[in-house]
>>> print(open('coords.tsv').read())   # TSV, C-alpha atoms
chain	number	residue	atom	x	y	z
Z	1	MET	CA	-27.34	-10.02	9.31
Z	2	TRP	CA	-24.65	-11.64	7.15
Z	3	THR	CA	-22.85	-9.52	4.60
Z	4	ASP	CA	-21.54	-10.97	1.34
Z	5	GLY	CA	-18.05	-11.01	2.86
Z	6	ASP	CA	-19.26	-12.86	5.95
Z	7	SER	CA	-21.10	-15.39	3.80
Z	8	ARG	CA	-18.02	-16.06	1.67
Z	9	ARG	CA	-15.88	-16.43	4.76
Z	10	LYS	CA	-18.33	-18.81	6.41
Z	11	ARG	CA	-18.57	-20.86	3.22
Z	12	LYS	CA	-14.79	-21.06	2.92
Z	13	VAL	CA	-14.40	-22.20	6.53
Z	14	ALA	CA	-16.94	-24.95	5.83
Z	15	GLU	CA	-15.12	-26.04	2.67
Z	16	ILE	CA	-11.79	-26.19	4.52
Z	17	SER	CA	-13.37	-28.23	7.29
Z	18	GLN	CA	-14.86	-30.60	4.75
Z	19	ALA	CA	-11.51	-31.04	3.00
Z	20	LEU	CA	-9.84	-31.82	6.32
Z	21	ASN	CA	-12.44	-34.35	7.41
Z	22	VAL	CA	-12.61	-36.57	4.33
Z	23	THR	CA	-10.43	-39.66	3.98
Z	24	PRO	CA	-7.91	-39.21	2.54
Z	25	VAL	CA	-7.62	-35.51	3.31
Z	26	ASP	CA	-8.36	-33.45	0.20
Z	27	VAL	CA	-5.00	-31.69	-0.06
Z	28	ALA	CA	-5.86	-30.32	-3.52
Z	29	ALA	CA	-8.80	-28.44	-2.01
Z	30	LEU	CA	-6.67	-27.16	0.87
Z	31	ARG	CA	-4.06	-25.83	-1.55
Z	32	ARG	CA	-6.78	-24.12	-3.54
Z	33	MET	CA	-8.14	-22.52	-0.36
Z	34	ALA	CA	-4.67	-21.33	0.65
Z	35	ILE	CA	-4.17	-19.72	-2.76
Z	36	SER	CA	-7.60	-18.16	-3.20
Z	37	GLU	CA	-8.66	-14.79	-1.86
Z	38	GLY	CA	-8.16	-14.40	1.88
Z	39	GLY	CA	-6.01	-17.50	2.20
Z	40	LEU	CA	-6.63	-19.69	5.26
Z	41	LEU	CA	-8.34	-16.90	7.20
Z	42	THR	CA	-7.25	-17.68	10.79
Z	43	ASP	CA	-4.25	-19.05	12.68
Z	44	GLU	CA	-6.49	-21.75	14.12
Z	45	ILE	CA	-7.13	-23.03	10.60
Z	46	ARG	CA	-3.45	-22.67	9.67
Z	47	CYS	CA	-2.53	-24.97	12.56
Z	48	LYS	CA	-4.58	-27.67	10.86
Z	49	VAL	CA	-3.82	-26.94	7.21
Z	50	TRP	CA	-0.13	-25.95	7.09
Z	51	PRO	CA	0.97	-29.46	8.20
Z	52	ARG	CA	-1.15	-30.92	5.40
Z	53	LEU	CA	0.36	-28.60	2.82
Z	54	LEU	CA	3.83	-29.81	3.83
Z	55	ASN	CA	2.68	-33.40	4.40
Z	56	VAL	CA	3.80	-33.46	8.02
Z	57	PRO	CA	1.92	-36.15	9.99
Z	58	THR	CA	0.98	-34.54	13.29
Z	59	ASP	CA	-0.13	-37.72	15.05
Z	60	THR	CA	3.37	-39.22	15.15
Z	61	LEU	CA	5.25	-36.20	16.51
Z	62	PRO	CA	6.98	-36.58	19.89
Z	63	GLU	CA	5.00	-35.13	22.77
Z	64	LYS	CA	7.91	-32.90	23.76
Z	65	PRO	CA	10.80	-31.66	21.58
Z	66	GLU	CA	14.19	-32.98	22.62
Z	67	GLU	CA	16.49	-30.79	24.67
Z	68	ILE	CA	19.13	-28.82	22.80
Z	69	GLU	CA	22.76	-28.59	23.83
Z	70	ARG	CA	23.73	-24.98	23.21
Z	71	GLU	CA	27.26	-25.16	24.56
Z	72	ASN	CA	29.89	-25.39	21.84
Z	73	ASN	CA	27.23	-25.24	19.13
Z	74	LYS	CA	28.81	-23.58	16.10
Z	75	ASP	CA	25.62	-21.70	15.16
Z	76	TYR	CA	24.49	-20.64	18.62
Z	77	ASN	CA	26.17	-17.24	18.85
Z	78	GLN	CA	24.90	-16.03	15.46
Z	79	VAL	CA	21.41	-17.40	16.08
Z	80	LEU	CA	21.34	-15.69	19.49
Z	81	LEU	CA	22.32	-12.34	17.97
Z	82	ASP	CA	19.66	-12.59	15.26
Z	83	VAL	CA	16.94	-13.64	17.69
Z	84	GLN	CA	17.81	-10.79	20.04
Z	85	ARG	CA	17.36	-8.39	17.13
Z	86	SER	CA	13.95	-9.84	16.22
Z	87	LEU	CA	11.83	-7.79	18.65
Z	88	LYS	CA	9.76	-6.22	15.87
Z	89	ARG	CA	8.59	-9.66	14.73
Z	90	PHE	CA	6.60	-10.17	17.92
Z	91	PRO	CA	3.13	-8.64	18.38
Z	92	PRO	CA	3.11	-5.15	19.90
Z	93	GLY	CA	2.09	-5.24	23.52
Z	94	MET	CA	3.17	-8.84	24.10
Z	95	PRO	CA	4.43	-9.14	27.72
Z	96	ASP	CA	8.22	-9.25	27.95
Z	97	GLU	CA	8.17	-12.57	29.79
Z	98	GLN	CA	6.08	-14.22	27.08
Z	99	ARG	CA	8.23	-12.78	24.29
Z	100	GLN	CA	11.44	-13.88	25.97
Z	101	GLY	CA	10.03	-17.38	26.35
Z	102	LEU	CA	9.20	-17.50	22.65
Z	103	GLN	CA	12.67	-16.23	21.77
Z	104	GLU	CA	14.17	-19.11	23.74
Z	105	GLU	CA	11.92	-21.54	21.86
Z	106	LEU	CA	12.94	-19.88	18.59
Z	107	ILE	CA	16.62	-20.51	19.32
Z	108	ASP	CA	15.90	-24.13	20.21
Z	109	ILE	CA	13.88	-24.78	17.04
Z	110	ILE	CA	16.63	-23.42	14.81
Z	111	LEU	CA	19.41	-25.35	16.57
Z	112	ARG	CA	17.28	-28.50	16.64
Z	113	VAL	CA	16.62	-28.43	12.88
Z	114	LEU	CA	20.25	-27.70	12.07
Z	115	GLY	CA	21.44	-30.41	14.42
Z	116	ARG	CA	19.25	-33.02	12.77
Z	117	ASN	CA	20.23	-31.94	9.27
Z	118	THR	CA	23.95	-31.30	9.19
Z	119	GLN	CA	23.84	-30.62	5.45
Z	120	LEU	CA	21.91	-27.40	6.17
Z	121	HIS	CA	23.71	-24.14	6.91
Z	122	TYR	CA	22.21	-21.29	8.91
Z	123	TYR	CA	21.74	-17.96	7.16
Z	124	GLN	CA	20.75	-14.57	8.54
Z	125	GLY	CA	17.05	-14.22	7.85
Z	126	TYR	CA	16.21	-17.86	8.54
Z	127	HIS	CA	14.98	-16.86	11.99
Z	128	ASP	CA	12.41	-14.56	10.33
Z	129	ILE	CA	10.80	-17.59	8.72
Z	130	VAL	CA	11.01	-19.74	11.84
Z	131	VAL	CA	9.44	-17.10	14.08
Z	132	THR	CA	6.43	-16.89	11.75
Z	133	PHE	CA	5.75	-20.59	12.27
Z	134	LEU	CA	6.35	-20.31	16.01
Z	135	LEU	CA	3.82	-17.46	16.35
Z	136	VAL	CA	1.17	-19.52	14.54
Z	137	LEU	CA	1.97	-23.00	15.87
Z	138	ASP	CA	3.40	-24.40	19.10
Z	139	GLU	CA	7.09	-25.29	19.42
Z	140	ARG	CA	6.53	-28.97	18.73
Z	141	LEU	CA	4.61	-28.48	15.51
Z	142	ALA	CA	6.69	-25.51	14.38
Z	143	THR	CA	9.84	-27.63	14.64
Z	144	ALA	CA	8.39	-30.33	12.39
Z	145	LEU	CA	7.13	-27.91	9.74
Z	146	VAL	CA	10.30	-25.81	9.72
Z	147	GLU	CA	12.38	-28.96	9.29
Z	148	LYS	CA	10.32	-30.09	6.30
Z	149	LEU	CA	10.39	-26.60	4.78
Z	150	SER	CA	14.15	-26.33	5.32
Z	151	THR	CA	14.84	-29.55	3.45
Z	152	HIS	CA	12.56	-28.62	0.56
Z	153	HIS	CA	11.38	-25.06	-0.22
Z	154	LEU	CA	14.26	-23.36	1.61
Z	155	ARG	CA	16.93	-25.91	0.76
Z	156	ASP	CA	18.70	-23.69	-1.78
Z	157	PHE	CA	19.18	-20.90	0.76
Z	158	MET	CA	20.87	-23.26	3.20
Z	159	ASP	CA	23.85	-24.27	1.10
Z	160	PRO	CA	27.41	-23.43	2.19
Z	161	THR	CA	27.51	-20.71	-0.49
Z	162	MET	CA	24.93	-18.32	-1.93
Z	163	ASP	CA	25.30	-19.64	-5.47
Z	164	ASN	CA	21.83	-21.20	-5.63
Z	165	THR	CA	20.26	-18.19	-3.93
Z	166	LYS	CA	21.84	-15.91	-6.54
Z	167	HIS	CA	20.56	-18.24	-9.24
Z	168	ILE	CA	17.00	-17.88	-7.95
Z	169	LEU	CA	17.35	-14.08	-7.82
Z	170	ASN	CA	18.36	-14.22	-11.47
Z	171	TYR	CA	14.77	-15.15	-12.38
Z	172	LEU	CA	13.56	-11.71	-11.31
Z	173	MET	CA	14.66	-9.63	-14.28
Z	174	PRO	CA	13.45	-12.04	-17.01
Z	175	ILE	CA	9.98	-11.99	-15.44
Z	176	ILE	CA	9.98	-8.18	-15.35
Z	177	GLU	CA	11.24	-8.00	-18.94
Z	178	ARG	CA	8.39	-10.19	-20.19
Z	179	ILE	CA	5.77	-7.85	-18.73
Z	180	ASN	CA	7.36	-4.40	-18.86
Z	181	PRO	CA	10.50	-4.02	-21.00
Z	182	GLU	CA	10.67	-0.32	-20.12
Z	183	VAL	CA	11.02	-0.99	-16.40
Z	184	HIS	CA	13.48	-3.79	-17.12
Z	185	ASP	CA	15.66	-1.56	-19.31
Z	186	PHE	CA	15.54	1.27	-16.77
Z	187	MET	CA	16.70	-1.04	-14.00
Z	188	GLN	CA	19.43	-2.45	-16.22
Z	189	GLN	CA	20.64	1.04	-17.08
Z	190	ALA	CA	20.68	1.93	-13.38
Z	191	GLU	CA	22.68	-1.25	-12.72
Z	192	VAL	CA	20.60	-1.86	-9.62
Z	193	GLY	CA	20.85	-5.65	-9.85
Z	194	THR	CA	18.59	-7.85	-7.73
Z	195	ILE	CA	20.17	-7.63	-4.28
Z	196	PHE	CA	17.32	-5.37	-3.11
Z	197	ALA	CA	15.07	-8.44	-3.24
Z	198	LEU	CA	17.39	-10.75	-1.29
Z	199	SER	CA	15.73	-10.23	2.09
Z	200	TRP	CA	12.31	-10.60	0.46
Z	201	LEU	CA	13.23	-13.97	-0.95
Z	202	ILE	CA	15.11	-15.61	1.90
Z	203	THR	CA	12.61	-14.55	4.59
Z	204	TRP	CA	9.48	-14.98	2.47
Z	205	PHE	CA	8.91	-11.26	3.08
Z	206	GLY	CA	8.69	-11.81	6.84
Z	207	HIS	CA	11.55	-9.41	7.51
Z	208	VAL	CA	10.15	-6.50	5.50
Z	209	LEU	CA	6.40	-6.53	6.25
Z	210	SER	CA	5.27	-5.02	9.52
Z	211	ASP	CA	1.73	-6.41	9.58
Z	212	PHE	CA	1.74	-10.06	10.64
Z	213	ARG	CA	-1.57	-10.64	8.86
Z	214	HIS	CA	0.08	-9.91	5.54
Z	215	VAL	CA	3.01	-12.18	6.36
Z	216	VAL	CA	0.88	-15.23	7.13
Z	217	ARG	CA	-1.31	-14.56	4.10
Z	218	LEU	CA	1.78	-14.79	1.91
Z	219	TYR	CA	2.90	-17.94	3.74
Z	220	ASP	CA	-0.47	-19.53	2.91
Z	221	PHE	CA	0.20	-18.77	-0.73
Z	222	PHE	CA	3.85	-19.84	-0.80
Z	223	LEU	CA	3.26	-23.09	1.10
Z	224	ALA	CA	0.68	-24.11	-1.50
Z	225	CYS	CA	2.87	-23.30	-4.49
Z	226	HIS	CA	6.12	-23.84	-6.34
Z	227	PRO	CA	9.33	-22.97	-4.41
Z	228	LEU	CA	10.01	-20.15	-6.87
Z	229	MET	CA	6.72	-18.38	-6.21
Z	230	PRO	CA	8.34	-15.80	-3.87
Z	231	ILE	CA	10.45	-14.52	-6.77
Z	232	TYR	CA	7.34	-14.14	-8.92
Z	233	PHE	CA	5.74	-12.20	-6.10
Z	234	ALA	CA	8.84	-10.01	-5.89
Z	235	ALA	CA	8.49	-9.31	-9.60
Z	236	VAL	CA	4.86	-8.22	-9.28
Z	237	ILE	CA	5.79	-5.81	-6.49
Z	238	VAL	CA	8.36	-4.15	-8.76
Z	239	LEU	CA	5.89	-4.07	-11.65
Z	240	TYR	CA	3.17	-2.62	-9.41
Z	241	ARG	CA	5.54	0.25	-8.57
Z	242	GLU	CA	6.26	0.97	-12.22
Z	243	ASP	CA	5.54	4.70	-12.00
Z	244	GLU	CA	7.72	5.17	-8.92
Z	245	VAL	CA	10.58	3.29	-10.54
Z	246	LEU	CA	10.47	5.25	-13.79
Z	247	ASP	CA	10.21	8.57	-11.91
Z	248	CYS	CA	13.31	7.73	-9.89
Z	249	GLU	CA	16.80	8.96	-10.70
Z	250	CYS	CA	18.37	6.38	-12.97
Z	251	ASP	CA	21.26	5.40	-10.75
Z	252	MET	CA	21.95	2.37	-8.61
Z	253	ALA	CA	21.71	4.08	-5.21
Z	254	SER	CA	18.37	5.79	-5.92
Z	255	VAL	CA	16.64	2.77	-7.46
Z	256	HIS	CA	17.99	0.39	-4.83
Z	257	HIS	CA	16.78	2.67	-2.03
Z	258	LEU	CA	13.33	2.94	-3.58
Z	259	LEU	CA	12.85	-0.76	-4.20
Z	260	SER	CA	14.30	-1.94	-0.90
Z	261	GLN	CA	11.56	-0.02	0.93
Z	262	ILE	CA	8.35	-2.01	0.46
Z	263	PRO	CA	5.12	-0.03	0.93
Z	264	GLN	CA	3.02	-1.50	3.72
Z	265	ASP	CA	-0.31	-0.83	1.99
Z	266	LEU	CA	0.14	-3.06	-1.04
Z	267	PRO	CA	-2.97	-4.67	-2.60
Z	268	TYR	CA	-1.88	-8.14	-1.53
Z	269	GLU	CA	-4.74	-10.15	-2.98
Z	270	THR	CA	-4.33	-8.47	-6.36
Z	271	LEU	CA	-0.59	-9.09	-6.33
Z	272	ILE	CA	-1.03	-12.73	-5.30
Z	273	SER	CA	-3.42	-13.25	-8.19
Z	274	ARG	CA	-1.00	-11.52	-10.56
Z	275	ALA	CA	1.94	-13.63	-9.38
Z	276	GLY	CA	-0.07	-16.76	-10.04
Z	277	ASP	CA	-0.94	-15.57	-13.53
Z	278	LEU	CA	2.71	-14.79	-14.30
Z	279	PHE	CA	3.74	-18.25	-13.15
Z	280	VAL	CA	1.29	-19.75	-15.62
Z	281	GLN	CA	2.38	-17.48	-18.46
Z	282	PHE	CA	6.13	-17.74	-17.83
Z	283	PRO	CA	6.94	-20.96	-15.94
Z	284	PRO	CA	10.44	-21.42	-14.53
Z	285	SER	CA	11.44	-23.80	-17.31
Z	286	GLU	CA	10.86	-21.03	-19.85
Z	287	LEU	CA	13.03	-18.58	-17.89
Z	288	ALA	CA	15.80	-20.94	-16.82
Z	289	ARG	CA	18.09	-20.29	-19.79
Z	290	GLU	CA	18.00	-16.58	-19.15
Z	291	ALA	CA	18.36	-16.98	-15.40
Z	292	ALA	CA	21.62	-18.88	-15.74
Z	293	GLN	CA	23.67	-20.63	-18.41
Z	294	GLN	CA	23.59	-23.81	-16.41
Z	295	TYR	CA	20.39	-24.69	-14.59
Z	296	SER	CA	21.48	-26.57	-11.47
Z	297	GLN	CA	19.82	-29.94	-11.06
Z	298	GLN	CA	20.42	-29.78	-7.32
Z	299	THR	CA	18.13	-26.86	-6.55
Z	300	ALA	CA	14.69	-27.40	-5.08
Z	301	ALA	CA	13.28	-25.27	-7.88
Z	302	SER	CA	14.68	-27.51	-10.60
Z	303	THR	CA	13.02	-30.60	-9.09
Z	304	PHE	CA	9.55	-29.05	-9.18
Z	305	LYS	CA	7.67	-29.90	-12.38
Z	306	ASP	CA	6.23	-26.85	-14.04
Z	307	PHE	CA	3.10	-28.51	-15.29
Z	308	ASP	CA	0.90	-31.48	-14.56
Z	309	LEU	CA	2.05	-33.96	-17.22
Z	310	VAL	CA	-0.63	-36.49	-18.04
Z	311	SER	CA	2.05	-38.74	-19.53
Z	312	GLU	CA	5.80	-38.59	-18.95
Z	313	GLN	CA	6.28	-39.17	-22.65
Z	314	GLN	CA	4.43	-36.02	-23.66
Z	315	ARG	CA	6.45	-33.20	-25.16
Z	316	PRO	CA	6.56	-29.97	-23.11
Z	317	ASP	CA	5.24	-27.90	-26.01
Z	318	SER	CA	2.08	-29.98	-26.19
Z	319	VAL	CA	1.57	-29.52	-22.46
Z	320	LEU	CA	1.96	-25.75	-22.82
Z	321	ARG	CA	-0.56	-25.68	-25.63
Z	322	ARG	CA	-3.07	-27.67	-23.60
Z	323	ARG	CA	-2.58	-25.39	-20.58
Z	324	LEU	CA	-3.32	-22.42	-22.80
Z	325	ARG	CA	-6.51	-24.09	-23.99
Z	326	GLU	CA	-7.50	-24.79	-20.37
Z	327	LYS	CA	-6.91	-21.17	-19.41
Z	328	GLN	CA	-9.01	-19.97	-22.34
Z	329	ALA	CA	-11.72	-22.45	-21.41
Z	330	LEU	CA	-11.85	-21.26	-17.81
Z	331	GLU	CA	-11.93	-17.62	-18.86
Z	332	GLY	CA	-14.77	-18.46	-21.21
Z	333	ALA	CA	-16.68	-20.13	-18.40
Z	334	ALA	CA	-16.27	-17.06	-16.20
Z	335	ALA	CA	-17.78	-14.94	-18.97
Z	336	GLY	CA	-20.70	-17.30	-19.43
Z	337	SER	CA	-19.23	-19.08	-22.42
Z	338	MET	CA	-19.23	-22.81	-23.00
Z	339	VAL	CA	-16.11	-24.65	-21.86
Z	340	ALA	CA	-14.33	-26.53	-24.60
Z	341	THR	CA	-13.83	-30.24	-24.05
Z	342	ALA	CA	-10.29	-31.20	-23.01
Z	343	GLN	CA	-8.65	-34.59	-22.92
Z	344	PRO	CA	-10.53	-36.91	-20.49
Z	345	THR	CA	-7.98	-37.04	-17.67
Z	346	VAL	CA	-7.35	-33.29	-17.67
Z	347	ALA	CA	-11.04	-32.50	-18.10
Z	348	ARG	CA	-12.06	-34.53	-15.06
Z	349	ARG	CA	-9.59	-32.73	-12.83
Z	350	PHE	CA	-10.52	-29.37	-14.34
Z	351	VAL	CA	-14.25	-29.90	-13.76
Z	352	ARG	CA	-13.63	-31.24	-10.26
Z	353	LEU	CA	-11.64	-28.20	-9.20
Z	354	ALA	CA	-14.05	-25.81	-10.90
Z	355	VAL	CA	-17.07	-27.36	-9.17
Z	356	MET	CA	-15.24	-27.13	-5.84
Z	357	GLY	CA	-15.35	-23.38	-6.22
Z	358	LEU	CA	-12.25	-22.23	-8.08
Z	359	THR	CA	-12.29	-18.46	-7.83
Z	360	VAL	CA	-12.69	-16.42	-10.96
Z	361	ALA	CA	-10.22	-13.89	-9.57
Z	362	LEU	CA	-7.38	-16.39	-9.77
Z	363	GLY	CA	-8.63	-18.07	-12.91
Z	364	ALA	CA	-6.40	-20.62	-14.57
Z	365	ALA	CA	-3.51	-19.65	-12.33
Z	366	ALA	CA	-5.16	-21.27	-9.33
Z	367	LEU	CA	-5.88	-24.42	-11.29
Z	368	THR	CA	-2.31	-24.73	-12.49
Z	369	LEU	CA	-0.78	-23.77	-9.14
Z	370	VAL	CA	-2.79	-26.44	-7.35
Z	371	ASN	CA	-1.84	-29.12	-9.86
Z	372	THR	CA	1.77	-27.95	-9.94
Z	373	ALA	CA	2.08	-27.93	-6.16
Z	374	LEU	CA	0.78	-31.49	-6.01
Z	375	GLU	CA	3.59	-32.56	-8.32
Z	376	TRP	CA	6.36	-31.32	-6.00
Z	377	VAL	CA	6.39	-33.92	-3.26
Z	378	PRO	CA	9.93	-35.38	-3.10
Z	379	LYS	CA	10.04	-38.35	-0.72
Z	380	LEU	CA	6.49	-37.69	0.44
Z	381	ASP	CA	3.52	-40.04	0.62
Z	382	LEU	CA	1.85	-39.59	-2.74
Z	383	HIS	CA	-1.23	-41.51	-1.66
Z	384	LEU	CA	-2.29	-38.50	0.40
Z	385	PHE	CA	-2.76	-36.51	-2.77
Z	386	PRO	CA	-5.78	-37.11	-5.05
>>> encode(input="coords.tsv", output="structure tokens")
Amino acid sequence: MWTDGDSRRKRKVAEISQALNVTPVDVAALRRMAISEGGLLTDEIRCKVWPRLLNVPTDTLPEKPEEIERENNKDYNQVLLDVQRSLKRFPPGMPDEQRQGLQEELIDIILRVLGRNTQLHYYQGYHDIVVTFLLVLDERLATALVEKLSTHHLRDFMDPTMDNTKHILNYLMPIIERINPEVHDFMQQAEVGTIFALSWLITWFGHVLSDFRHVVRLYDFFLACHPLMPIYFAAVIVLYREDEVLDCECDMASVHHLLSQIPQDLPYETLISRAGDLFVQFPPSELAREAAQQYSQQTAASTFKDFDLVSEQQRPDSVLRRRLREKQALEGAAAGSMVATAQPTVARRFVRLAVMGLTVALGAAALTLVNTALEWVPKLDLHLFP
């Protein structure tokens, strides 16, 4: 006998399958599924959907990845050291021979991507992201997705310096201040800074979470969203631990030690929903001035439009006001209220996504995150997106 959870899961699998099988593929629906509760459910589904979220055409990939010349490769020694230290990232009980084979593939993927993209620079922690893709996909597909991710979402981390990475970390405190000034002021007084969140950000939490299921659930979410979403998720973790933070000794060492140790039993779905809501309430453009005096135009984050502009000539404040009306309308619908009529173009998309099963738990955040994610497609084939 099916339980409610089984029924929802079965229905979601069917909706994902439907979105994959239409022409063109319904990427908007796939992004919504990746964001909504439970994410993409299985690695088998991720193998089909992750390439679509990154717009990687799987039918044109080479049958076998090219061989990598490791001798005299400037990155090889550091990559080898990091991969050798990555034992905890592989499933417990995996046979040594299988793990060692995957580690060799991991080294090749990293060197292959760096070799093809000489503007990219390896950083410690990159292997934590690559191994996640390798454990879900095969080497051939993992290489293609990691390359696309490295030249887009992760691009800022792969500069010669950490300037852009530090800039992204600077978004953390303004988000916290908006929601909980007390926690913000406490952390400022402790002079803890944001370095505790560095490994969270540059590995998409892969380095600090022990349960692989939680890691891939977050990757579903991040792949469907704005490149800055990991920093919003970092903020909600800190905010969730408000009581622990305020009970801590107000000094840098104590607060840093507390925050750098992430609990493994976090309510991930609740935090994902909260991160989405915060992104809607406080988009990056609103926080940019506080994050840095000069907002670099070269970062991946700065090229991602915060909102779905119906017309390029529209003023940002009018877009913000309309988004607020949309959020209020969706909340009203969830409560059984009548939905106010929006402008025709926005209304059609709103109704379409709502009818497709937009979850009440995510509310307007899911709507905006889907539309926002569809906007960030530099050099991609826009015709794939409805």
>>> atom_distance(input="coords.tsv", atom1="CA of Tyr268 in chain Z", atom2="CA of His214 in chain Z")
7.5 Å
>>> closest_residue(input="coords.tsv", among="Z:Thr203, Z:Val146, Z:Leu271, Z:Ala28", to="Val215 in chain Z", atoms="only C-alpha atoms")
Z:Thr203
>>> residues_near_point(input="coords.tsv", point="(5.1, -24.3, 16.1)", cutoff="12 Å", atoms="all atoms listed in the file", output="MDAnalysis selection string")
chainID Z and resid 43 46:48 50:51 58 61 64:65 102 105:106 108:110 129:147
>>> closest_residue(input="coords.tsv", among="Z:Glu44, Z:Ala224, Z:Val113, Z:Leu169", to="Leu30 in chain Z", atoms="all atoms listed in the file")
Z:Ala224
>>> residues_around(input="coords.tsv", residues="range 92-95 of chain Z", least_positions_apart="4", cutoff="12 Å", atoms="only C-alpha atoms", output="ChimeraX atom specification")
/Z:87-88,99-102,135,210-212
>>> residues_around(input="coords.tsv", residues="Asp251 in chain Z", least_positions_apart="2", cutoff="9 Å", atoms="all atoms listed in the file", output="MDAnalysis selection string")
chainID Z and resid 187 189:192 248:249 253:256
>>> residues_near_point(input="coords.tsv", point="(-6.6, -22.2, 0.2)", cutoff="12 Å", atoms="only C-alpha atoms", output="ChimeraX atom specification")
/Z:9,12-13,15-17,19-20,26-42,45-46,49-50,52-53,217-225,356-359,362,366-367,369-370
>>> write_last_selection(input="coords.tsv", atoms="C-alpha atoms", output="tab-separated table (two decimals), in the coordinates of the input")
chain	number	residue	atom	x	y	z
Z	9	ARG	CA	-15.88	-16.43	4.76
Z	12	LYS	CA	-14.79	-21.06	2.92
Z	13	VAL	CA	-14.40	-22.20	6.53
Z	15	GLU	CA	-15.12	-26.04	2.67
Z	16	ILE	CA	-11.79	-26.19	4.52
Z	17	SER	CA	-13.37	-28.23	7.29
Z	19	ALA	CA	-11.51	-31.04	3.00
Z	20	LEU	CA	-9.84	-31.82	6.32
Z	26	ASP	CA	-8.36	-33.45	0.20
Z	27	VAL	CA	-5.00	-31.69	-0.06
Z	28	ALA	CA	-5.86	-30.32	-3.52
Z	29	ALA	CA	-8.80	-28.44	-2.01
Z	30	LEU	CA	-6.67	-27.16	0.87
Z	31	ARG	CA	-4.06	-25.83	-1.55
Z	32	ARG	CA	-6.78	-24.12	-3.54
Z	33	MET	CA	-8.14	-22.52	-0.36
Z	34	ALA	CA	-4.67	-21.33	0.65
Z	35	ILE	CA	-4.17	-19.72	-2.76
Z	36	SER	CA	-7.60	-18.16	-3.20
Z	37	GLU	CA	-8.66	-14.79	-1.86
Z	38	GLY	CA	-8.16	-14.40	1.88
Z	39	GLY	CA	-6.01	-17.50	2.20
Z	40	LEU	CA	-6.63	-19.69	5.26
Z	41	LEU	CA	-8.34	-16.90	7.20
Z	42	THR	CA	-7.25	-17.68	10.79
Z	45	ILE	CA	-7.13	-23.03	10.60
Z	46	ARG	CA	-3.45	-22.67	9.67
Z	49	VAL	CA	-3.82	-26.94	7.21
Z	50	TRP	CA	-0.13	-25.95	7.09
Z	52	ARG	CA	-1.15	-30.92	5.40
Z	53	LEU	CA	0.36	-28.60	2.82
Z	217	ARG	CA	-1.31	-14.56	4.10
Z	218	LEU	CA	1.78	-14.79	1.91
Z	219	TYR	CA	2.90	-17.94	3.74
Z	220	ASP	CA	-0.47	-19.53	2.91
Z	221	PHE	CA	0.20	-18.77	-0.73
Z	222	PHE	CA	3.85	-19.84	-0.80
Z	223	LEU	CA	3.26	-23.09	1.10
Z	224	ALA	CA	0.68	-24.11	-1.50
Z	225	CYS	CA	2.87	-23.30	-4.49
Z	356	MET	CA	-15.24	-27.13	-5.84
Z	357	GLY	CA	-15.35	-23.38	-6.22
Z	358	LEU	CA	-12.25	-22.23	-8.08
Z	359	THR	CA	-12.29	-18.46	-7.83
Z	362	LEU	CA	-7.38	-16.39	-9.77
Z	366	ALA	CA	-5.16	-21.27	-9.33
Z	367	LEU	CA	-5.88	-24.42	-11.29
Z	369	LEU	CA	-0.78	-23.77	-9.14
Z	370	VAL	CA	-2.79	-26.44	-7.35
>>> atom_distance(input="coords.tsv", atom1="CA of Thr118 in chain Z", atom2="CA of Met162 in chain Z")
17.1 Å
